[in-house]
$ cat structure.cif   # mmCIF, C-alpha atoms
data_input
loop_
_atom_site.label_atom_id
_atom_site.label_comp_id
_atom_site.auth_asym_id
_atom_site.auth_seq_id
_atom_site.Cartn_x
_atom_site.Cartn_y
_atom_site.Cartn_z
CA MET Q 1 -17.45 28.84 -55.62
CA ASN Q 2 -18.44 25.19 -55.42
CA ALA Q 3 -14.98 24.20 -54.28
CA MET Q 4 -15.13 26.87 -51.57
CA LEU Q 5 -18.46 25.53 -50.36
CA ILE Q 6 -17.14 21.98 -50.19
CA LYS Q 7 -14.04 23.17 -48.35
CA TYR Q 8 -16.11 24.98 -45.73
CA LEU Q 9 -18.60 22.15 -45.31
CA THR Q 10 -15.78 19.62 -44.85
CA ALA Q 11 -14.08 21.90 -42.33
CA ALA Q 12 -17.32 22.43 -40.43
CA ALA Q 13 -18.14 18.71 -40.32
CA SER Q 14 -14.62 17.66 -39.31
CA SER Q 15 -14.17 20.35 -36.65
CA MET Q 16 -17.61 19.54 -35.22
CA THR Q 17 -16.76 15.82 -35.07
CA GLY Q 18 -13.31 16.42 -33.63
CA VAL Q 19 -14.40 18.90 -30.98
CA ILE Q 20 -17.36 16.82 -29.81
CA ALA Q 21 -15.05 13.81 -29.59
CA PHE Q 22 -12.67 15.84 -27.45
CA SER Q 23 -15.44 17.06 -25.19
CA VAL Q 24 -16.23 13.38 -24.57
CA LEU Q 25 -12.53 12.66 -23.89
CA PHE Q 26 -12.37 15.61 -21.47
CA ARG Q 27 -15.60 14.37 -19.85
CA ALA Q 28 -17.65 17.50 -20.38
CA PRO Q 29 -21.23 17.27 -19.07
CA LYS Q 30 -23.33 15.27 -21.56
CA SER Q 31 -25.80 18.12 -22.05
CA GLU Q 32 -22.99 20.43 -23.25
CA TYR Q 33 -21.45 18.27 -25.99
CA LEU Q 34 -23.36 20.05 -28.75
CA TYR Q 35 -22.49 23.54 -27.51
CA CYS Q 36 -18.80 22.60 -27.25
CA GLY Q 37 -18.99 21.37 -30.84
CA ILE Q 38 -20.66 24.57 -32.02
CA ALA Q 39 -18.04 26.65 -30.19
CA GLY Q 40 -15.19 24.76 -31.87
CA THR Q 41 -16.81 25.02 -35.29
CA ILE Q 42 -17.39 28.77 -34.95
CA GLY Q 43 -13.77 29.36 -33.97
CA TRP Q 44 -12.41 27.32 -36.87
CA MET Q 45 -14.85 28.84 -39.42
CA PHE Q 46 -13.75 32.36 -38.56
CA TYR Q 47 -10.12 31.25 -38.73
CA LEU Q 48 -10.65 29.92 -42.27
CA LEU Q 49 -12.71 32.94 -43.28
CA VAL Q 50 -10.03 35.44 -42.22
CA GLN Q 51 -7.37 33.38 -43.96
CA ASP Q 52 -9.40 33.33 -47.19
CA LEU Q 53 -9.96 37.07 -46.96
CA GLY Q 54 -6.18 37.49 -47.02
CA GLY Q 55 -5.40 37.77 -43.31
CA ASN Q 56 -2.14 36.26 -42.07
CA ASP Q 57 -1.88 33.37 -39.63
CA PHE Q 58 -1.57 35.61 -36.58
CA PHE Q 59 -4.65 37.63 -37.42
CA ALA Q 60 -6.70 34.55 -38.36
CA ASN Q 61 -5.90 32.87 -35.05
CA PHE Q 62 -6.64 36.07 -33.18
CA ILE Q 63 -10.08 36.54 -34.76
CA GLY Q 64 -10.91 32.83 -34.41
CA THR Q 65 -10.11 32.82 -30.70
CA PHE Q 66 -11.78 36.18 -30.14
CA ILE Q 67 -15.13 35.05 -31.59
CA LEU Q 68 -14.79 31.69 -29.87
CA THR Q 69 -14.22 33.34 -26.48
CA LEU Q 70 -17.22 35.62 -26.94
CA PHE Q 71 -19.39 32.60 -27.71
CA CYS Q 72 -18.01 30.54 -24.79
CA ARG Q 73 -18.53 33.34 -22.30
CA LEU Q 74 -22.06 33.82 -23.53
CA MET Q 75 -22.80 30.09 -23.25
CA ALA Q 76 -21.25 30.04 -19.78
CA VAL Q 77 -23.72 32.69 -18.64
CA ILE Q 78 -26.75 31.23 -20.41
CA ARG Q 79 -26.12 27.60 -19.47
CA GLN Q 80 -24.73 28.37 -15.98
CA ASN Q 81 -21.48 26.46 -16.38
CA PRO Q 82 -17.86 27.48 -15.94
CA VAL Q 83 -16.42 28.88 -19.15
CA THR Q 84 -13.70 26.19 -19.16
CA VAL Q 85 -16.28 23.57 -20.14
CA TYR Q 86 -16.70 25.25 -23.54
CA LEU Q 87 -13.32 26.85 -23.99
CA VAL Q 88 -11.08 23.81 -23.47
CA PRO Q 89 -12.64 21.53 -26.14
CA GLY Q 90 -13.66 24.46 -28.36
CA ILE Q 91 -10.19 25.91 -28.69
CA PHE Q 92 -8.64 22.57 -29.62
CA PRO Q 93 -8.60 23.07 -33.42
CA LEU Q 94 -6.86 26.44 -33.01
CA VAL Q 95 -4.37 25.43 -30.33
CA PRO Q 96 -1.07 24.42 -31.91
CA GLY Q 97 -1.08 20.95 -30.35
CA ALA Q 98 -0.14 19.44 -33.68
CA GLY Q 99 2.36 22.27 -34.10
CA ILE Q 100 4.24 21.26 -30.93
CA PHE Q 101 4.28 17.70 -32.20
CA TYR Q 102 5.69 18.76 -35.60
CA THR Q 103 8.36 20.88 -33.92
CA ALA Q 104 9.49 18.02 -31.73
CA TYR Q 105 9.24 15.65 -34.69
CA TYR Q 106 11.55 17.71 -36.90
CA PHE Q 107 14.09 18.02 -34.12
CA VAL Q 108 13.98 14.27 -33.48
CA MET Q 109 14.30 13.44 -37.19
CA GLY Q 110 17.26 15.75 -37.65
CA PHE Q 111 15.73 18.79 -39.37
CA PRO Q 112 16.41 21.45 -36.72
CA ASP Q 113 15.89 24.32 -39.18
CA THR Q 114 12.34 23.26 -40.04
CA GLY Q 115 11.73 22.53 -36.35
CA MET Q 116 12.90 26.02 -35.42
CA GLN Q 117 10.57 27.55 -38.00
CA ARG Q 118 7.64 25.54 -36.61
CA GLY Q 119 8.58 26.55 -33.08
CA LEU Q 120 8.55 30.24 -33.97
CA ASN Q 121 5.16 29.73 -35.60
CA ILE Q 122 3.85 28.17 -32.38
CA ILE Q 123 4.98 31.18 -30.36
CA GLU Q 124 3.23 33.46 -32.85
CA VAL Q 125 0.01 31.42 -32.70
CA ALA Q 126 0.15 31.22 -28.91
CA GLY Q 127 0.46 35.00 -28.75
CA ALA Q 128 -2.52 35.43 -31.06
CA ILE Q 129 -4.63 33.00 -29.03
CA THR Q 130 -3.74 34.77 -25.79
CA LEU Q 131 -4.69 38.13 -27.26
CA GLY Q 132 -7.94 36.65 -28.57
CA ILE Q 133 -8.89 35.28 -25.15
CA VAL Q 134 -7.94 38.52 -23.40
CA PHE Q 135 -9.90 40.79 -25.73
CA GLY Q 136 -12.86 38.40 -25.95
CA SER Q 137 -13.13 38.16 -22.16
CA PHE Q 138 -12.68 41.88 -21.75
CA LEU Q 139 -15.40 42.76 -24.23
CA MET Q 140 -17.85 40.14 -22.95
CA THR Q 141 -17.33 41.12 -19.31
CA GLY Q 142 -18.10 44.71 -20.25
CA LEU Q 143 -21.19 43.76 -22.25
CA LEU Q 144 -22.53 41.54 -19.47
CA HIS Q 145 -21.92 44.26 -16.94
CA VAL Q 146 -23.98 46.68 -18.99
CA ALA Q 147 -26.71 44.09 -19.51
CA TYR Q 148 -26.97 43.36 -15.81
CA ARG Q 149 -27.03 47.02 -14.90
CA LYS Q 150 -29.88 47.61 -17.35
CA ARG Q 151 -31.88 44.83 -15.76
CA GLY Q 152 -31.11 46.31 -12.39
CA SER Q 153 -29.79 43.11 -10.91
CA GLN Q 154 -26.35 42.34 -9.64
CA SER Q 155 -24.12 40.12 -11.72
CA PRO Q 156 -23.89 36.69 -10.10
CA HIS Q 157 -20.50 35.25 -9.29
CA PRO Q 158 -18.60 37.45 -11.72
CA GLU Q 159 -16.13 35.23 -13.50
CA LYS Q 160 -12.77 36.21 -14.77
CA GLU Q 161 -11.96 35.21 -18.34
CA MET J 1 1.40 -6.65 14.62
CA PHE J 2 3.59 -3.72 13.94
CA LEU J 3 3.11 -4.35 10.24
CA ASN J 4 -0.63 -4.36 10.78
CA MET J 5 -0.46 -0.99 12.41
CA LEU J 6 1.53 0.33 9.52
CA LEU J 7 -0.92 -1.06 7.02
CA ASP J 8 -3.89 0.25 8.94
CA PHE J 9 -2.61 3.72 9.23
CA PRO J 10 -3.70 5.07 5.85
CA LYS J 11 -7.15 3.56 6.24
CA LEU J 12 -7.53 5.07 9.69
CA HIS J 13 -6.53 8.43 8.35
CA LYS J 14 -8.99 8.18 5.51
CA SER J 15 -11.98 7.11 7.61
CA GLU J 16 -11.31 9.97 9.96
CA GLU J 17 -11.55 12.35 7.05
CA ASN J 18 -14.73 10.75 5.78
CA LEU J 19 -16.64 11.22 9.01
CA PRO J 20 -19.23 13.98 8.96
CA ASP J 21 -18.10 17.20 10.53
CA GLU J 22 -20.13 17.33 13.73
CA SER J 23 -19.34 13.86 15.05
CA LEU J 24 -15.77 15.03 15.59
CA PRO J 25 -14.97 17.65 18.16
CA VAL J 26 -13.17 19.76 15.58
CA PRO J 27 -13.20 23.53 15.74
CA GLU J 28 -15.15 25.31 13.05
CA LYS J 29 -11.97 26.68 11.59
CA VAL J 30 -10.54 23.23 11.01
CA SER J 31 -13.65 21.95 9.32
CA VAL J 32 -13.72 24.98 7.03
CA MET J 33 -10.10 24.26 6.26
CA ARG J 34 -10.89 20.65 5.40
CA LEU J 35 -13.73 21.68 3.17
CA ALA J 36 -11.57 24.21 1.34
CA ALA J 37 -8.62 21.84 1.00
CA LEU J 38 -10.78 19.04 -0.38
CA MET J 39 -12.47 21.41 -2.80
CA GLY J 40 -9.13 22.74 -4.02
CA GLU J 41 -7.62 19.30 -4.32
CA LEU J 42 -10.52 18.00 -6.42
CA LEU J 43 -10.58 21.09 -8.63
CA LEU J 44 -6.88 20.73 -9.38
CA LYS J 45 -7.11 16.97 -9.87
CA ASN J 46 -9.85 17.39 -12.47
CA GLY J 47 -7.96 20.05 -14.38
CA GLY J 48 -9.33 23.34 -13.04
CA GLU J 49 -7.32 26.43 -13.86
CA ILE J 50 -5.17 27.97 -11.15
CA TYR J 51 -7.08 31.24 -10.87
CA ARG J 52 -10.37 29.34 -10.57
CA VAL J 53 -9.06 27.25 -7.67
CA GLN J 54 -7.62 30.28 -5.94
CA ASP J 55 -10.78 32.32 -6.45
CA THR J 56 -13.11 29.50 -5.33
CA LEU J 57 -11.15 28.81 -2.14
CA ASN J 58 -11.01 32.48 -1.23
CA ARG J 59 -14.77 32.77 -1.74
CA ILE J 60 -15.55 29.65 0.31
CA ILE J 61 -13.40 30.65 3.27
CA SER J 62 -14.79 34.19 3.23
CA ALA J 63 -18.35 32.89 3.00
CA CYS J 64 -17.72 30.74 6.08
CA GLY J 65 -16.83 33.87 8.00
CA PHE J 66 -13.04 34.00 8.10
CA SER J 67 -11.49 37.14 6.78
CA ASN J 68 -7.83 36.60 7.66
CA HIS J 69 -6.76 33.91 5.27
CA SER J 70 -4.32 33.24 2.49
CA VAL J 71 -4.49 30.74 -0.37
CA TYR J 72 -1.63 29.87 -2.68
CA VAL J 73 -2.15 27.44 -5.54
CA ILE J 74 0.31 26.08 -8.09
CA ALA J 75 -0.20 23.43 -10.75
CA ASN J 76 0.57 20.47 -8.48
CA GLY J 77 -0.06 21.68 -4.96
CA LEU J 78 -2.00 24.04 -2.76
CA PHE J 79 -1.38 25.85 0.51
CA ILE J 80 -4.05 27.39 2.72
CA THR J 81 -3.72 29.18 6.02
CA ILE J 82 -6.43 30.75 8.18
CA ASP J 83 -5.73 33.30 10.92
CA GLU J 84 -1.98 33.14 10.63
CA GLY J 85 -0.27 34.66 13.65
CA GLU J 86 -3.14 33.87 16.02
CA PRO J 87 -2.65 31.18 18.69
CA ASP J 88 -5.20 28.91 16.96
CA ALA J 89 -3.91 29.38 13.44
CA CYS J 90 -4.27 26.45 11.10
CA SER J 91 -2.94 25.63 7.69
CA SER J 92 -3.12 22.89 5.14
CA VAL J 93 -0.84 21.66 2.36
CA ARG J 94 -1.93 19.29 -0.40
CA HIS J 95 0.14 17.68 -3.10
CA ILE J 96 -1.74 16.83 -6.29
CA ALA J 97 0.37 14.34 -8.17
CA SER J 98 -1.66 13.69 -11.27
CA THR J 99 -4.31 15.47 -13.28
CA SER J 100 -6.95 13.92 -15.48
CA VAL J 101 -9.30 16.37 -17.09
CA ASN J 102 -12.93 16.00 -16.07
CA LEU J 103 -14.91 19.07 -17.04
CA GLU J 104 -18.19 17.75 -15.64
CA ARG J 105 -16.72 17.56 -12.14
CA ILE J 106 -15.39 21.07 -12.44
CA ALA J 107 -18.87 22.25 -13.38
CA ILE J 108 -20.40 20.42 -10.38
CA LEU J 109 -17.77 21.74 -7.96
CA ASN J 110 -18.36 25.23 -9.31
CA GLN J 111 -22.08 24.84 -8.66
CA ILE J 112 -21.45 23.65 -5.09
CA SER J 113 -19.24 26.67 -4.47
CA ARG J 114 -21.95 28.99 -5.83
CA ASP J 115 -24.61 27.37 -3.68
CA LEU J 116 -22.43 27.58 -0.59
CA CYS J 117 -21.50 31.21 -1.14
CA SER J 118 -25.07 32.29 -1.81
CA GLY J 119 -26.31 30.41 1.27
CA VAL J 120 -28.49 27.85 -0.52
CA ILE J 121 -26.69 24.97 1.22
CA ASP J 122 -24.72 24.89 4.46
CA ARG J 123 -21.14 23.81 5.01
CA ARG J 124 -22.01 20.28 6.03
CA GLU J 125 -24.05 19.57 2.96
CA ALA J 126 -21.40 21.11 0.76
CA TYR J 127 -18.76 18.87 2.32
CA GLN J 128 -20.85 15.78 1.73
CA ARG J 129 -21.56 16.74 -1.87
CA ILE J 130 -17.87 17.35 -2.50
CA LEU J 131 -16.94 14.06 -0.82
CA ARG J 132 -19.14 12.21 -3.29
CA LEU J 133 -16.89 13.42 -6.09
CA SER J 134 -13.64 12.33 -4.47
CA GLY J 135 -13.60 8.76 -5.78
CA PRO J 136 -12.47 7.75 -9.25
CA ALA J 137 -14.88 8.87 -11.97
CA PRO J 138 -16.97 6.14 -13.56
CA GLU J 139 -15.84 5.66 -17.12
CA ASN J 140 -17.27 3.93 -20.12
CA ARG J 141 -14.21 2.66 -21.94
CA MET J 142 -16.05 1.85 -25.14
CA SER J 143 -17.38 5.38 -25.53
CA MET J 144 -13.93 6.78 -24.70
CA ALA J 145 -12.39 4.62 -27.42
CA LEU J 146 -15.04 5.76 -29.89
CA ALA J 147 -14.41 9.37 -28.90
CA SER J 148 -10.71 8.88 -29.50
CA ALA J 149 -11.51 7.35 -32.90
CA PHE J 150 -13.81 10.22 -33.91
CA GLY J 151 -11.31 12.77 -32.60
CA ALA J 152 -8.51 11.21 -34.65
CA ALA J 153 -10.70 11.08 -37.77
CA GLY J 154 -12.02 14.63 -37.36
CA PHE J 155 -8.63 16.21 -36.87
CA GLY J 156 -7.02 14.06 -39.56
CA VAL J 157 -9.48 15.58 -42.05
CA LEU J 158 -9.29 19.04 -40.45
CA PHE J 159 -5.53 19.20 -41.00
CA GLY J 160 -5.94 18.45 -44.70
CA GLY J 161 -6.39 14.71 -45.05
CA SER J 162 -8.94 13.12 -47.37
CA PHE J 163 -12.03 11.25 -46.21
CA TRP J 164 -10.20 7.91 -46.48
CA ASP J 165 -7.29 9.25 -44.43
CA GLY J 166 -9.92 10.06 -41.81
CA MET J 167 -11.25 6.51 -41.92
CA ALA J 168 -7.75 5.10 -41.41
CA SER J 169 -7.19 7.48 -38.48
CA PHE J 170 -10.55 6.40 -37.09
CA ILE J 171 -9.47 2.76 -36.87
CA ILE J 172 -6.03 3.61 -35.49
CA GLY J 173 -7.48 6.07 -32.96
CA PHE J 174 -9.90 3.41 -31.75
CA GLY J 175 -7.04 0.98 -31.07
CA LEU J 176 -4.95 3.75 -29.53
CA GLN J 177 -7.32 4.27 -26.62
CA TRP J 178 -7.26 0.57 -25.75
CA ILE J 179 -3.47 0.56 -25.82
CA LEU J 180 -3.50 3.58 -23.52
CA TYR J 181 -5.83 1.78 -21.12
CA GLY J 182 -3.73 -1.39 -21.25
CA LEU J 183 -0.54 0.52 -20.44
CA THR J 184 -1.96 2.75 -17.70
CA ASP J 185 -3.66 -0.24 -16.03
CA ARG J 186 -0.23 -1.85 -15.73
CA GLY J 187 1.15 1.27 -14.10
CA VAL J 188 3.46 2.26 -16.96
CA SER J 189 4.67 5.85 -16.59
CA ARG J 190 3.05 8.61 -18.59
CA PHE J 191 6.07 9.23 -20.77
CA THR J 192 6.63 5.60 -21.69
CA THR J 193 2.91 5.27 -22.41
CA ASN J 194 3.08 8.15 -24.87
CA ILE J 195 6.20 6.86 -26.60
CA ILE J 196 4.72 3.38 -27.06
CA SER J 197 1.32 4.69 -28.20
CA ALA J 198 2.88 7.04 -30.75
CA PHE J 199 5.06 4.17 -31.98
CA TYR J 200 1.94 2.01 -32.41
CA ALA J 201 0.16 4.80 -34.32
CA THR J 202 3.08 5.12 -36.73
CA ILE J 203 3.41 1.40 -37.38
CA ALA J 204 -0.36 1.07 -37.87
CA SER J 205 -0.35 4.02 -40.30
CA ALA J 206 2.50 2.44 -42.24
CA LEU J 207 0.49 -0.79 -42.46
CA CYS J 208 -2.41 1.20 -43.91
CA ILE J 209 -0.07 2.65 -46.55
CA ILE J 210 1.35 -0.75 -47.46
CA THR J 211 -2.14 -1.92 -48.50
CA GLY J 212 -1.68 0.37 -51.50
CA LEU J 213 -4.81 2.44 -50.98
CA PRO J 214 -4.54 6.12 -51.95
CA LEU J 215 -3.77 7.37 -48.46
CA HIS J 216 -1.47 10.11 -47.13
CA PHE J 217 0.87 8.88 -44.44
CA GLY J 218 1.48 12.28 -42.83
CA TYR J 219 -2.17 13.13 -42.28
CA ILE J 220 -2.97 9.69 -40.90
CA VAL J 221 -0.13 9.87 -38.38
CA VAL J 222 -1.03 13.40 -37.22
CA GLY J 223 -4.69 12.49 -36.91
CA SER J 224 -3.92 9.32 -34.98
CA VAL J 225 -1.61 10.96 -32.46
CA ILE J 226 -3.96 13.91 -31.87
CA PRO J 227 -5.61 12.22 -28.84
CA LEU J 228 -2.11 12.10 -27.29
CA VAL J 229 -1.02 15.61 -28.20
CA PRO J 230 -0.78 17.93 -25.15
CA GLY J 231 -3.17 20.58 -26.42
CA TYR J 232 -4.83 20.87 -23.03
CA SER J 233 -1.54 21.47 -21.18
CA PHE J 234 -0.58 24.05 -23.76
CA THR J 235 -3.87 25.97 -23.55
CA THR J 236 -3.72 25.91 -19.76
CA ALA J 237 -0.11 27.08 -19.85
CA ILE J 238 -1.06 30.09 -21.98
CA ARG J 239 -4.00 30.98 -19.75
CA ASP J 240 -1.95 30.56 -16.57
CA LEU J 241 0.80 32.78 -17.92
CA PHE J 242 -1.59 35.53 -18.87
CA ASN J 243 -3.28 35.33 -15.46
CA SER J 244 0.26 35.96 -14.05
CA ASP J 245 0.48 32.48 -12.54
CA TYR J 246 3.96 32.20 -13.99
CA LEU J 247 5.10 29.17 -12.01
CA SER J 248 2.07 27.06 -12.96
CA GLY J 249 2.30 28.30 -16.53
CA VAL J 250 5.88 27.13 -16.79
CA ILE J 251 5.00 23.76 -15.22
CA HIS J 252 2.22 23.20 -17.77
CA LEU J 253 4.39 24.45 -20.63
CA LEU J 254 7.24 22.09 -19.73
CA ASP J 255 4.75 19.27 -19.43
CA ALA J 256 3.46 20.00 -22.93
CA ILE J 257 6.95 20.22 -24.44
CA ILE J 258 8.20 17.02 -22.81
CA LEU J 259 5.08 15.11 -23.87
CA ALA J 260 5.44 16.42 -27.42
CA PHE J 261 9.02 15.15 -27.53
CA CYS J 262 7.91 11.74 -26.22
CA ILE J 263 5.31 11.48 -28.99
CA ALA J 264 7.80 12.67 -31.58
CA ALA J 265 10.31 10.10 -30.34
CA GLY J 266 7.73 7.33 -30.70
CA VAL J 267 6.78 8.46 -34.20
CA GLY J 268 10.39 8.96 -35.22
CA PHE J 269 11.38 5.53 -34.01
CA GLY J 270 8.42 3.99 -35.84
CA ILE J 271 9.35 5.70 -39.12
CA ARG J 272 13.00 4.69 -38.82
CA LEU J 273 11.97 1.10 -38.17
CA VAL J 274 9.60 0.96 -41.15
CA THR J 275 12.20 2.52 -43.41
CA TRP J 276 14.87 0.14 -42.17
CA LEU J 277 12.66 -2.89 -42.75
CA GLY J 278 12.50 -1.71 -46.34
CA GLY J 279 8.75 -1.72 -46.71
CA ILE J 280 8.79 1.86 -47.91
CA THR J 281 11.80 3.81 -49.00
CA TYR J 282 10.84 7.17 -47.59
CA LEU J 283 8.02 8.32 -45.40
CA GLY J 284 7.92 12.03 -44.82
CA ILE J 285 5.48 13.99 -42.76
#

$ encode --input "structure.cif" --output "structure tokens"
Amino acid sequence: MNAMLIKYLTAAASSMTGVIAFSVLFRAPKSEYLYCGIAGTIGWMFYLLVQDLGGNDFFANFIGTFILTLFCRLMAVIRQNPVTVYLVPGIFPLVPGAGIFYTAYYFVMGFPDTGMQRGLNIIEVAGAITLGIVFGSFLMTGLLHVAYRKRGSQSPHPEKE
Amino acid sequence: MFLNMLLDFPKLHKSEENLPDESLPVPEKVSVMRLAALMGELLLKNGGEIYRVQDTLNRIISACGFSNHSVYVIANGLFITIDEGEPDACSSVRHIASTSVNLERIAILNQISRDLCSGVIDRREAYQRILRLSGPAPENRMSMALASAFGAAGFGVLFGGSFWDGMASFIIGFGLQWILYGLTDRGVSRFTTNIISAFYATIASALCIITGLPLHFGYIVVGSVIPLVPGYSFTTAIRDLFNSDYLSGVIHLLDAIILAFCIAAGVGFGIRLVTWLGGITYLGI
């Protein structure tokens, strides 16, 4: 139990640090650094949680991206910013950037079999992330639509994804 | 004298573009076109997604009262035409050579487009506000280097490294950003920059190992090269592809793959060199 707690706390701290650092590197607006960090942490926490509950890599990535997209869309509406501002830094821990590097690395170092395996894994993860974004956007667009209709106002500048 | 004319030409062209709309006897259509083209160019330059650029330009041109228009955007260029087939048709083509991600500018441009479409500001004010964003973004190199350091440390730990691996990545990531600045200031191409930076990260990681501290080489290297890794291109590629912008998706995907191979080449070369020098017998990632 204690080990679990330490694992999750380390993951939360490191993903928060990493994602905020990347939102600085991508020059996000200063006021949004914290929200980018929270978005990235939420995505990675759900990824870990699903993995610990016995989900496979595909499913963990899917759920992580799905929750992350919901959060980013919500922040985009509340804070009146394009969703990219939150999604691009926030998705960084889940995106297989390191995976592409490993694939290329194994090919360069003469282990094409391992490289191939990594490459297939990237395609799988990319598929999961795409599905997560699609479903997250779809659900959030629907929810927002309902919310706006209840308030009787028109949705402003409806944004795709 | 002829040389002078040649040299002056780009300046002349630029100052003409910078003049406010009404001092030039340009038709309304042309000034709308300029506004849209500048907006699209800046959005693409700062890393906006393809569908956002396309959507924004369509909205702007419609809001300015032109219904017969067509906008086509790909990852490194954009094409706009208004009233094609009419005698006074006009069109614009822009080539966007390089992208550097600046999310703040995208947010500001998005706000300008909203204001323009909802009638809060007029076309002239919108043009002037957009023009203000067309120069190079002010940057604080120290904070960028610190961000690179924290990014390297955070992801080094996130991918399984220990706290001390993170500290090593922190130092290497800090130096990495300065090397990147040094190389790009000298006009070195993007690919060479990535190869050299990855090579530096590997050699620096090996130096950390040689000190004999309980560090893990693989995690330090991965953490240190994370600021170089094309995660942004890859995400954009996925989103482009699923928005059916296949051409832009493939451009971004190829960009990501080629960059990844450059980084891998730099790391691979570094490892081979360290192994050959005999400092360490085997370094595996």

$ interface_residues --input "structure.cif" --of "chain Q" --to "chain J" --cutoff "7 Å" --atoms "all atoms listed in the file" --output "PyMOL selection string"
chain Q and resi 11+14-15+17-18+21-22+24-29+81-82+85+88+92+95+97-98+100-101+104-105+108-109+130

$ closest_residue --input "structure.cif" --among "Q:Tyr86, Q:Val50, Q:Thr103, Q:Ala76" --to "Leu120 (chain Q)" --atoms "all atoms listed in the file"
Q:Thr103

$ atom_distance --input "structure.cif" --atom1 "CA of Asn56 (chain Q)" --atom2 "CA of His216 (chain J)"
26.6 Å

$ atom_distance --input "structure.cif" --atom1 "CA of Leu68 (chain Q)" --atom2 "CA of Ala126 (chain Q)"
15.0 Å

$ residues_around --input "structure.cif" --residues "Leu9 (chain Q)" --least-positions-apart "4" --cutoff "12 Å" --atoms "only C-alpha atoms" --output "list in words"
Asn2, Ala3, Met4, Leu5, Ala13, Ser14, Ser15, Met16, Thr41, Trp44, Met45 and Leu48 of chain Q; Val157 and Leu158 of chain J

$ atom_distance --input "structure.cif" --atom1 "CA of Met167 (chain J)" --atom2 "CA of Thr275 (chain J)"
23.8 Å
